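Asks: Dropping in upload-v9.pdb, with PDB, C-alpha atoms.
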ATOM      1  CA  MET A   1      99.142 -90.462 112.752
ATOM      2  CA  SER A   2     101.171 -88.570 110.144
ATOM      3  CA  LYS A   3     100.607 -84.856 109.712
ATOM      4  CA  LEU A   4      97.923 -83.743 107.281
ATOM      5  CA  ARG A   5      98.325 -80.633 105.146
ATOM      6  CA  ILE A   6      95.119 -78.797 104.261
ATOM      7  CA  ALA A   7      95.168 -75.752 101.972
ATOM      8  CA  LEU A   8      92.673 -72.957 102.655
ATOM      9  CA  THR A   9      91.918 -70.613  99.735
ATOM     10  CA  THR A  10      90.190 -67.358 100.640
ATOM     11  CA  GLY A  11      88.487 -66.554  97.320
ATOM     12  CA  ASP A  12      87.664 -63.126  95.906
ATOM     13  CA  VAL A  13      89.790 -60.393  97.437
ATOM     14  CA  ASP A  14      86.724 -58.126  97.692
ATOM     15  CA  GLY A  15      84.486 -60.834  99.138
ATOM     16  CA  ILE A  16      84.016 -62.291 102.624
ATOM     17  CA  GLY A  17      86.344 -65.261 102.091
ATOM     18  CA  PHE A  18      89.291 -63.986 104.110
ATOM     19  CA  GLU A  19      86.986 -62.831 106.900
ATOM     20  CA  VAL A  20      85.161 -66.150 107.306
ATOM     21  CA  THR A  21      88.406 -68.126 107.017
ATOM     22  CA  ALA A  22      90.116 -66.036 109.688
ATOM     23  CA  LYS A  23      87.108 -66.361 111.983
ATOM     24  CA  ALA A  24      87.010 -70.125 111.352
ATOM     25  CA  LEU A  25      90.710 -70.514 112.175
ATOM     26  CA  HIS A  26      90.239 -68.474 115.353
ATOM     27  CA  HIS A  27      87.240 -70.607 116.336
ATOM     28  CA  LEU A  28      88.935 -73.945 115.626
ATOM     29  CA  GLY A  29      92.453 -73.194 116.814
ATOM     30  CA  PRO A  30      95.323 -75.597 116.125
ATOM     31  CA  GLN A  31      94.234 -79.131 115.252
ATOM     32  CA  LYS A  32      96.235 -82.210 116.234
ATOM     33  CA  ASN A  33      98.427 -83.519 113.396
ATOM     34  CA  VAL A  34      97.088 -80.954 110.920
ATOM     35  CA  GLN A  35      99.006 -78.147 109.246
ATOM     36  CA  PHE A  36      96.967 -75.471 107.479
ATOM     37  CA  ILE A  37      98.317 -73.551 104.495
ATOM     38  CA  LEU A  38      96.417 -70.284 104.103
ATOM     39  CA  TRP A  39      96.226 -68.525 100.728
ATOM     40  CA  ARG A  40      95.354 -64.829 100.925
ATOM     41  CA  THR A  41      96.137 -61.684  99.018
ATOM     42  CA  ASP A  42      99.246 -59.734  99.913
ATOM     43  CA  GLY A  43      97.999 -56.838 102.021
ATOM     44  CA  GLY A  44      94.992 -58.671 103.507
ATOM     45  CA  ASP A  45      92.898 -56.929 106.163
ATOM     46  CA  PRO A  46      95.116 -56.649 109.292
ATOM     47  CA  ARG A  47      92.071 -57.162 111.544
ATOM     48  CA  TYR A  48      91.842 -60.761 110.451
ATOM     49  CA  LEU A  49      95.569 -61.403 110.670
ATOM     50  CA  LYS A  50      95.428 -60.184 114.279
ATOM     51  CA  LEU A  51      92.442 -62.452 114.925
ATOM     52  CA  ILE A  52      94.334 -65.453 113.558
ATOM     53  CA  ASP A  53      97.398 -64.573 115.613
ATOM     54  CA  LYS A  54      95.419 -64.850 118.846
ATOM     55  CA  LYS A  55      95.329 -68.637 118.383
ATOM     56  CA  TRP A  56      98.157 -69.420 115.946
ATOM     57  CA  THR A  57     101.862 -68.987 115.405
ATOM     58  CA  ARG A  58     101.852 -67.759 111.810
ATOM     59  CA  ILE A  59     104.736 -67.955 109.355
ATOM     60  CA  THR A  60     104.342 -65.913 106.166
ATOM     61  CA  VAL A  61     105.814 -67.081 102.861
ATOM     62  CA  ASP A  62     105.413 -66.156  99.177
ATOM     63  CA  SER A  63     104.522 -69.486  97.553
ATOM     64  CA  LEU A  64     103.254 -72.997  98.114
ATOM     65  CA  GLU A  65     106.727 -74.299  97.341
ATOM     66  CA  GLU A  66     108.075 -72.325 100.301
ATOM     67  CA  ALA A  67     105.133 -73.348 102.481
ATOM     68  CA  LEU A  68     105.825 -77.032 101.960
ATOM     69  CA  LYS A  69     109.350 -76.588 103.333
ATOM     70  CA  VAL A  70     108.077 -75.381 106.708
ATOM     71  CA  ASP A  71     107.663 -77.985 109.429
ATOM     72  CA  GLY A  72     106.259 -77.576 112.901
ATOM     73  CA  PRO A  73     103.029 -76.472 114.627
ATOM     74  CA  TYR A  74     102.546 -73.351 112.539
ATOM     75  CA  LEU A  75      99.915 -71.810 110.336
ATOM     76  CA  ILE A  76     101.638 -71.290 106.998
ATOM     77  CA  ASP A  77     100.418 -68.007 105.537
ATOM     78  CA  ILE A  78     100.949 -67.451 101.802
ATOM     79  CA  ALA A  79     100.723 -63.714 101.084
ATOM     80  CA  SER A  80     100.235 -64.033  97.345
ATOM     81  CA  ASP A  81     100.103 -61.668  94.378
ATOM     82  CA  LEU A  82      98.563 -64.406  92.208
ATOM     83  CA  SER A  83      94.848 -64.501  91.410
ATOM     84  CA  PRO A  84      92.504 -66.495  93.678
ATOM     85  CA  ALA A  85      91.756 -68.870  90.791
ATOM     86  CA  GLU A  86      95.477 -69.655  90.559
ATOM     87  CA  TRP A  87      95.538 -70.476  94.269
ATOM     88  CA  VAL A  88      92.921 -73.147  93.616
ATOM     89  CA  GLU A  89      94.739 -74.532  90.584
ATOM     90  CA  ILE A  90      98.115 -74.702  92.350
ATOM     91  CA  SER A  91      96.554 -76.368  95.408
ATOM     92  CA  ALA A  92      94.681 -78.900  93.292
ATOM     93  CA  LYS A  93      97.863 -79.837  91.449
ATOM     94  CA  ALA A  94      99.596 -80.282  94.809
ATOM     95  CA  CYS A  95      96.780 -82.620  95.887
ATOM     96  CA  LEU A  96      97.210 -84.680  92.729
ATOM     97  CA  GLN A  97     100.947 -84.867  93.457
ATOM     98  CA  LYS A  98     100.214 -85.980  97.051
ATOM     99  CA  LYS A  99     102.003 -82.933  98.453
ATOM    100  CA  ILE A 100      98.914 -81.796 100.359
ATOM    101  CA  ASP A 101      95.916 -83.783 101.580
ATOM    102  CA  GLY A 102      92.952 -81.581 100.734
ATOM    103  CA  ILE A 103      91.556 -78.128 100.036
ATOM    104  CA  ALA A 104      88.862 -76.106 101.793
ATOM    105  CA  THR A 105      87.775 -73.152  99.685
ATOM    106  CA  ALA A 106      86.072 -69.854 100.414
ATOM    107  CA  PRO A 107      83.740 -68.411  97.746
ATOM    108  CA  LEU A 108      85.201 -67.522  94.366
ATOM    109  CA  SER A 109      83.086 -65.711  91.797
ATOM    110  CA  LYS A 110      82.859 -66.776  88.175
ATOM    111  CA  THR A 111      83.825 -63.220  87.224
ATOM    112  CA  SER A 112      87.046 -63.504  89.210
ATOM    113  CA  ILE A 113      87.865 -66.802  87.507
ATOM    114  CA  LYS A 114      87.214 -65.310  84.070
ATOM    115  CA  ASP A 115      89.315 -62.225  84.864
ATOM    116  CA  SER A 116      92.181 -64.582  85.710
ATOM    117  CA  GLY A 117      92.144 -65.867  82.140
ATOM    118  CA  PHE A 118      90.503 -69.192  82.991
ATOM    119  CA  LYS A 119      87.737 -70.649  80.837
ATOM    120  CA  ASP A 120      86.285 -72.603  83.775
ATOM    121  CA  LEU A 121      82.881 -71.610  85.179
ATOM    122  CA  GLY A 122      83.646 -72.389  88.805
ATOM    123  CA  HIS A 123      85.753 -74.302  91.313
ATOM    124  CA  THR A 124      84.224 -77.588  90.157
ATOM    125  CA  ASP A 125      85.221 -77.000  86.548
ATOM    126  CA  ILE A 126      88.799 -76.145  87.536
ATOM    127  CA  LEU A 127      89.070 -79.337  89.586
ATOM    128  CA  LYS A 128      87.432 -81.450  86.888
ATOM    129  CA  ARG A 129      89.816 -80.131  84.231
ATOM    130  CA  LEU A 130      92.934 -80.718  86.312
ATOM    131  CA  SER A 131      91.972 -84.171  87.546
ATOM    132  CA  LYS A 132      90.572 -85.240  84.144
ATOM    133  CA  ALA A 133      87.604 -86.702  86.047
ATOM    134  CA  LYS A 134      84.677 -87.415  83.728
ATOM    135  CA  HIS A 135      81.848 -87.264  86.234
ATOM    136  CA  VAL A 136      82.083 -84.721  89.046
ATOM    137  CA  ASN A 137      79.091 -83.779  91.180
ATOM    138  CA  MET A 138      78.436 -81.094  93.738
ATOM    139  CA  GLY A 139      77.452 -82.503  97.121
ATOM    140  CA  PHE A 140      76.083 -80.494 100.058
ATOM    141  CA  VAL A 141      76.069 -81.727 103.650
ATOM    142  CA  GLY A 142      73.847 -79.954 106.168
ATOM    143  CA  GLU A 143      72.504 -80.407 109.661
ATOM    144  CA  LYS A 144      69.003 -81.225 108.385
ATOM    145  CA  PHE A 145      69.592 -83.064 105.105
ATOM    146  CA  ASN A 146      72.137 -83.640 102.335
ATOM    147  CA  VAL A 147      71.942 -82.976  98.595
ATOM    148  CA  VAL A 148      73.843 -84.046  95.476
ATOM    149  CA  LEU A 149      73.277 -82.310  92.137
ATOM    150  CA  ALA A 150      73.132 -84.521  89.035
ATOM    151  CA  THR A 151      73.796 -81.469  86.847
ATOM    152  CA  ALA A 152      75.316 -78.192  87.967
ATOM    153  CA  HIS A 153      75.649 -74.895  86.102
ATOM    154  CA  VAL A 154      73.372 -75.809  83.204
ATOM    155  CA  PRO A 155      70.705 -73.399  81.891
ATOM    156  CA  VAL A 156      67.234 -74.619  82.800
ATOM    157  CA  SER A 157      66.382 -74.778  79.105
ATOM    158  CA  LYS A 158      69.108 -77.398  78.625
ATOM    159  CA  VAL A 159      68.602 -79.545  81.732
ATOM    160  CA  SER A 160      66.439 -82.183  80.045
ATOM    161  CA  LYS A 161      68.908 -82.660  77.189
ATOM    162  CA  SER A 162      71.757 -82.907  79.704
ATOM    163  CA  LEU A 163      70.158 -85.830  81.523
ATOM    164  CA  ASN A 164      70.757 -89.374  80.344
ATOM    165  CA  PHE A 165      71.276 -92.729  81.996
ATOM    166  CA  THR A 166      75.055 -92.347  82.265
ATOM    167  CA  VAL A 167      74.809 -88.914  83.888
ATOM    168  CA  LEU A 168      72.284 -90.163  86.445
ATOM    169  CA  ALA A 169      74.102 -93.444  87.129
ATOM    170  CA  GLU A 170      77.421 -91.675  87.763
ATOM    171  CA  ALA A 171      75.700 -89.095  89.970
ATOM    172  CA  LEU A 172      74.049 -91.912  91.918
ATOM    173  CA  LYS A 173      77.445 -93.579  92.407
ATOM    174  CA  ASN A 174      78.909 -90.324  93.720
ATOM    175  CA  ALA A 175      75.894 -89.799  95.989
ATOM    176  CA  ASN A 176      76.429 -93.315  97.313
ATOM    177  CA  GLU A 177      80.064 -92.539  98.116
ATOM    178  CA  LEU A 178      78.876 -89.539 100.115
ATOM    179  CA  ARG A 179      76.263 -91.701 101.844
ATOM    180  CA  LYS A 180      78.995 -94.083 103.042
ATOM    181  CA  LYS A 181      80.884 -91.213 104.684
ATOM    182  CA  LEU A 182      77.914 -90.012 106.725
ATOM    183  CA  PRO A 183      77.341 -90.967 110.380
ATOM    184  CA  ALA A 184      76.122 -94.554 110.803
ATOM    185  CA  ALA A 185      72.465 -93.710 111.433
ATOM    186  CA  GLN A 186      72.258 -91.620 108.271
ATOM    187  CA  SER A 187      74.280 -93.925 106.060
ATOM    188  CA  LYS A 188      71.739 -96.741 106.516
ATOM    189  CA  ARG A 189      69.005 -94.723 104.794
ATOM    190  CA  PRO A 190      68.334 -94.857 101.034
ATOM    191  CA  ILE A 191      69.155 -92.134  98.539
ATOM    192  CA  GLY A 192      66.064 -90.239  97.409
ATOM    193  CA  VAL A 193      66.207 -89.389  93.698
ATOM    194  CA  LEU A 194      63.922 -86.570  92.576
ATOM    195  CA  GLY A 195      61.945 -86.576  89.367
ATOM    196  CA  LEU A 196      62.444 -83.792  86.868
ATOM    197  CA  ASN A 197      58.857 -82.792  86.140
ATOM    198  CA  PRO A 198      55.953 -81.640  88.341
ATOM    199  CA  HIS A 199      54.422 -84.667  90.099
ATOM    200  CA  ALA A 200      57.494 -86.627  88.878
ATOM    201  CA  GLY A 201      55.868 -86.746  85.450
ATOM    202  CA  GLU A 202      52.564 -88.250  86.589
ATOM    203  CA  LYS A 203      53.297 -91.460  84.624
ATOM    204  CA  GLY A 204      54.032 -89.580  81.437
ATOM    205  CA  LEU A 205      51.187 -87.082  81.579
ATOM    206  CA  ILE A 206      53.590 -84.236  82.465
ATOM    207  CA  GLY A 207      56.764 -85.154  80.603
ATOM    208  CA  ASN A 208      58.340 -88.517  79.921
ATOM    209  CA  GLU A 209      61.879 -88.143  81.326
ATOM    210  CA  GLU A 210      61.018 -90.228  84.370
ATOM    211  CA  LEU A 211      59.667 -93.067  82.191
ATOM    212  CA  LEU A 212      62.784 -93.019  80.039
ATOM    213  CA  LEU A 213      65.416 -92.788  82.770
ATOM    214  CA  PHE A 214      64.227 -94.337  86.003
ATOM    215  CA  PRO A 215      63.633 -98.007  85.015
ATOM    216  CA  GLN A 216      67.291 -98.251  83.964
ATOM    217  CA  LEU A 217      68.453 -96.335  87.015
ATOM    218  CA  ILE A 218      66.518 -98.554  89.422
ATOM    219  CA  ASN A 219      68.033-101.672  87.819
ATOM    220  CA  PHE A 220      71.496-100.103  88.014
ATOM    221  CA  ALA A 221      70.983 -99.361  91.715
ATOM    222  CA  LYS A 222      69.927-102.949  92.424
ATOM    223  CA  GLU A 223      72.878-104.396  90.500
ATOM    224  CA  ASN A 224      75.301-102.166  92.384
ATOM    225  CA  ARG A 225      73.601-102.548  95.775
ATOM    226  CA  ILE A 226      72.881 -98.854  96.069
ATOM    227  CA  PRO A 227      69.795 -98.178  98.202
ATOM    228  CA  MET A 228      67.558 -95.687  96.419
ATOM    229  CA  GLU A 229      63.969 -94.552  96.106
ATOM    230  CA  GLY A 230      62.499 -92.518  93.278
ATOM    231  CA  PRO A 231      61.418 -90.703  91.336
ATOM    232  CA  LEU A 232      60.300 -88.498  94.214
ATOM    233  CA  VAL A 233      57.763 -85.753  93.595
ATOM    234  CA  PRO A 234      59.906 -82.591  93.643
ATOM    235  CA  ASP A 235      57.472 -80.271  95.432
ATOM    236  CA  ALA A 236      56.976 -82.729  98.302
ATOM    237  CA  ALA A 237      60.416 -84.328  98.613
ATOM    238  CA  PHE A 238      61.788 -81.745 101.037
ATOM    239  CA  PHE A 239      58.961 -81.816 103.573
ATOM    240  CA  GLU A 240      60.484 -81.900 107.049
ATOM    241  CA  SER A 241      58.901 -85.312 107.638
ATOM    242  CA  ASN A 242      61.151 -86.679 104.867
ATOM    243  CA  TRP A 243      64.480 -85.332 106.132
ATOM    244  CA  LYS A 244      65.197 -88.409 108.212
ATOM    245  CA  ARG A 245      63.887 -90.782 105.577
ATOM    246  CA  TYR A 246      66.789 -90.311 103.141
ATOM    247  CA  SER A 247      70.555 -90.247 103.565
ATOM    248  CA  VAL A 248      70.998 -88.000 100.529
ATOM    249  CA  TYR A 249      68.689 -86.316  98.038
ATOM    250  CA  LEU A 250      69.899 -86.663  94.445
ATOM    251  CA  THR A 251      68.405 -83.720  92.570
ATOM    252  CA  LEU A 252      68.426 -83.357  88.805
ATOM    253  CA  TYR A 253      69.414 -79.715  88.427
ATOM    254  CA  HIS A 254      71.088 -76.926  90.361
ATOM    255  CA  ASP A 255      68.194 -74.976  91.854
ATOM    256  CA  GLN A 256      66.071 -78.057  92.475
ATOM    257  CA  GLY A 257      68.557 -78.986  95.193
ATOM    258  CA  LEU A 258      70.105 -75.720  96.277
ATOM    259  CA  ILE A 259      66.978 -73.630  96.810
ATOM    260  CA  PRO A 260      65.638 -75.938  99.558
ATOM    261  CA  PHE A 261      69.123 -76.598 100.952
ATOM    262  CA  LYS A 262      69.974 -72.919 101.339
ATOM    263  CA  MET A 263      66.475 -71.967 102.486
ATOM    264  CA  ILE A 264      66.751 -74.392 105.388
ATOM    265  CA  HIS A 265      70.440 -74.125 106.265
ATOM    266  CA  GLY A 266      71.183 -70.484 105.485
ATOM    267  CA  GLN A 267      74.720 -69.670 106.618
ATOM    268  CA  ASP A 268      74.480 -71.519 109.913
ATOM    269  CA  SER A 269      75.616 -74.824 108.445
ATOM    270  CA  GLY A 270      76.262 -76.454 105.130
ATOM    271  CA  VAL A 271      79.361 -77.773 103.400
ATOM    272  CA  HIS A 272      79.975 -78.244  99.693
ATOM    273  CA  ILE A 273      81.980 -81.407  98.879
ATOM    274  CA  SER A 274      83.271 -82.135  95.373
ATOM    275  CA  LEU A 275      82.396 -85.737  94.496
ATOM    276  CA  GLY A 276      84.153 -87.768  91.816
ATOM    277  CA  ILE A 277      87.592 -86.126  91.939
ATOM    278  CA  PRO A 278      90.612 -88.098  93.243
ATOM    279  CA  PHE A 279      91.314 -85.780  96.176
ATOM    280  CA  ILE A 280      89.469 -83.904  98.913
ATOM    281  CA  ARG A 281      87.878 -80.548  98.294
ATOM    282  CA  THR A 282      85.314 -78.961 100.584
ATOM    283  CA  SER A 283      83.856 -75.469 100.463
ATOM    284  CA  VAL A 284      81.357 -73.082 101.960
ATOM    285  CA  ASP A 285      77.825 -73.290 100.584
ATOM    286  CA  HIS A 286      77.429 -69.532 100.094
ATOM    287  CA  GLY A 287      78.715 -66.842  97.767
ATOM    288  CA  THR A 288      81.165 -63.966  97.983
ATOM    289  CA  ALA A 289      78.681 -61.564  99.671
ATOM    290  CA  LYS A 290      80.496 -58.509  98.338
ATOM    291  CA  ASP A 291      77.758 -56.264  99.715
ATOM    292  CA  ILE A 292      79.063 -56.891 103.243
ATOM    293  CA  PHE A 293      82.773 -56.957 102.405
ATOM    294  CA  GLY A 294      84.796 -55.178 105.073
ATOM    295  CA  LYS A 295      81.880 -54.858 107.511
ATOM    296  CA  ASN A 296      83.055 -57.692 109.790
ATOM    297  CA  ILE A 297      79.574 -59.228 110.013
ATOM    298  CA  ALA A 298      80.009 -62.373 107.877
ATOM    299  CA  ASN A 299      78.918 -65.671 109.424
ATOM    300  CA  PRO A 300      81.838 -68.174 109.503
ATOM    301  CA  HIS A 301      79.879 -71.322 110.390
ATOM    302  CA  SER A 302      79.909 -72.814 106.900
ATOM    303  CA  MET A 303      83.685 -72.323 106.672
ATOM    304  CA  ILE A 304      84.144 -73.885 110.093
ATOM    305  CA  ASP A 305      82.181 -76.928 108.938
ATOM    306  CA  SER A 306      84.063 -76.983 105.637
ATOM    307  CA  ILE A 307      87.428 -77.175 107.387
ATOM    308  CA  ARG A 308      86.172 -79.837 109.791
ATOM    309  CA  TRP A 309      84.911 -81.965 106.893
ATOM    310  CA  ALA A 310      88.203 -81.581 105.017
ATOM    311  CA  ILE A 311      90.040 -82.930 108.042
ATOM    312  CA  LYS A 312      87.492 -85.718 108.568
ATOM    313  CA  LEU A 313      87.671 -86.875 104.946
ATOM    314  CA  ALA A 314      91.469 -86.691 104.892
ATOM    315  CA  ARG A 315      91.613 -88.962 107.939
ATOM    316  CA  LEU A 316      89.340 -91.648 106.464
TER     317      LEU A 316
END
Turn this file's structure into structure tokens for me.
Replies:
Amino acid sequence: MSKLRIALTTGDVDGIGFEVTAKALHHLGPQKNVQFILWRTDGGDPRYLKLIDKKWTRITVDSLEEALKVDGPYLIDIASDLSPAEWVEISAKACLQKKIDGIATAPLSKTSIKDSGFKDLGHTDILKRLSKAKHVNMGFVGEKFNVVLATAHVPVSKVSKSLNFTVLAEALKNANELRKKLPAAQSKRPIGVLGLNPHAGEKGLIGNEELLLFPQLINFAKENRIPMEGPLVPDAAFFESNWKRYSVYLTLYHDQGLIPFKMIHGQDSGVHISLGIPFIRTSVDHGTAKDIFGKNIANPHSMIDSIRWAIKLARL
């Protein structure tokens, strides 16, 4: 097997990204036929460099261009004076050019992206812009269940207007691609698509979005051999008894999917996977946690899982 190159971006310099990435690298240790390229700020916390060095032979460089010239069983450490948003952009471009095989990202705040001069609202928007992908969805893989968001950072007041057949059909296609990558037992289950309104609209008594969208979506799923059920009643969909019924939940807006996902998984598991872009990007499912920056108490499990999934997807 040829060597894979996976870039690791550590996010906000005053967040927990470098801490959880260092702890993840220490936990995982060197991986067969994988070279990691670590982006971190010049002058990063020496505690975490020492932690990394317990398991890795680390070579420090100034740029991705230099990193790509290094061969051998090393961790390539880019001590960068660029902004964290630029790390993501440079790595994504390298993925598109087939110079690296994937990216695993630590949390990056929207404020940090804006301060870098970017107009993008988040990682997903940066990746969508660079790849020119029309339909990109946020997917979340957890130990208990998996979620895909049909819409992402949209104000609740605009969710209904943002939903149409094309948006839902493309989200369903991306959810189906995630379903295929799950373990065999899970991948055989249908995708559960949530309704938008309370009681999934109650046949038009509480909103008519379900009546307008789901007949077309069900026909689309049949034509494309995508197993799905829906519309599911939102307040009952995430009962524990349903977790093993569906391969993936397709939710119609951000909090409809992420509140139950994060309530159940916390920081003990959970990986964010960008769906619909032409390269691999995984991420933690939590934020920058600036309130605990520097306290050495951040939980690295989501970053560990993120790196593992980046490797797994790159090997498929």
Asks: For this structure, which residues satisfy the selection - the PyMOL selection byres ((chain A and resi 243-256) around 9) - when it is evaluated on the file as given? I want them as an MDAnalysis selection string.
Replies: chainID A and resid 141 144:154 156 159 163 168 171:172 175:176 178:179 182 185:196 228:229 234 237:242 257:260
Asks: Can you tell me how far atom CA of Ala22 of chain A sits from atom CA of Glu66 of chain A, in Å to one decimal?
Replies: 21.2 Å
Asks: Evaluate the PyMOL selection byres ((chain A and resi 118-122) around 12) on the structure here and hand back the selected residues as number ranges by chain.
Replies: A: 11, 83-86, 88-89, 105, 107-117, 123-130, 138, 152-154, 274, 287
Asks: With C-alpha atoms retained, export the selected residues as a PDB file, in the frame of the given file.
Replies:
ATOM      1  CA  GLY A  11      88.487 -66.554  97.320  1.00  0.00           C
ATOM      2  CA  SER A  83      94.848 -64.501  91.410  1.00  0.00           C
ATOM      3  CA  PRO A  84      92.504 -66.495  93.678  1.00  0.00           C
ATOM      4  CA  ALA A  85      91.756 -68.870  90.791  1.00  0.00           C
ATOM      5  CA  GLU A  86      95.477 -69.655  90.559  1.00  0.00           C
ATOM      6  CA  VAL A  88      92.921 -73.147  93.616  1.00  0.00           C
ATOM      7  CA  GLU A  89      94.739 -74.532  90.584  1.00  0.00           C
ATOM      8  CA  THR A 105      87.775 -73.152  99.685  1.00  0.00           C
ATOM      9  CA  PRO A 107      83.740 -68.411  97.746  1.00  0.00           C
ATOM     10  CA  LEU A 108      85.201 -67.522  94.366  1.00  0.00           C
ATOM     11  CA  SER A 109      83.086 -65.711  91.797  1.00  0.00           C
ATOM     12  CA  LYS A 110      82.859 -66.776  88.175  1.00  0.00           C
ATOM     13  CA  THR A 111      83.825 -63.220  87.224  1.00  0.00           C
ATOM     14  CA  SER A 112      87.046 -63.504  89.210  1.00  0.00           C
ATOM     15  CA  ILE A 113      87.865 -66.802  87.507  1.00  0.00           C
ATOM     16  CA  LYS A 114      87.214 -65.310  84.070  1.00  0.00           C
ATOM     17  CA  ASP A 115      89.315 -62.225  84.864  1.00  0.00           C
ATOM     18  CA  SER A 116      92.181 -64.582  85.710  1.00  0.00           C
ATOM     19  CA  GLY A 117      92.144 -65.867  82.140  1.00  0.00           C
ATOM     20  CA  HIS A 123      85.753 -74.302  91.313  1.00  0.00           C
ATOM     21  CA  THR A 124      84.224 -77.588  90.157  1.00  0.00           C
ATOM     22  CA  ASP A 125      85.221 -77.000  86.548  1.00  0.00           C
ATOM     23  CA  ILE A 126      88.799 -76.145  87.536  1.00  0.00           C
ATOM     24  CA  LEU A 127      89.070 -79.337  89.586  1.00  0.00           C
ATOM     25  CA  LYS A 128      87.432 -81.450  86.888  1.00  0.00           C
ATOM     26  CA  ARG A 129      89.816 -80.131  84.231  1.00  0.00           C
ATOM     27  CA  LEU A 130      92.934 -80.718  86.312  1.00  0.00           C
ATOM     28  CA  MET A 138      78.436 -81.094  93.738  1.00  0.00           C
ATOM     29  CA  ALA A 152      75.316 -78.192  87.967  1.00  0.00           C
ATOM     30  CA  HIS A 153      75.649 -74.895  86.102  1.00  0.00           C
ATOM     31  CA  VAL A 154      73.372 -75.809  83.204  1.00  0.00           C
ATOM     32  CA  SER A 274      83.271 -82.135  95.373  1.00  0.00           C
ATOM     33  CA  GLY A 287      78.715 -66.842  97.767  1.00  0.00           C
TER      34      GLY A 287
END
Asks: Tell me, in Å to one decimal, how far atom CA of Asn137 of chain A is from atom CA of Ala169 of chain A.
Replies: 11.6 Å
Asks: What gap, in Å, lies between atom CA of Arg225 of chain A and atom CA of Pro198 of chain A?
Replies: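 The value is 28.4 Å.
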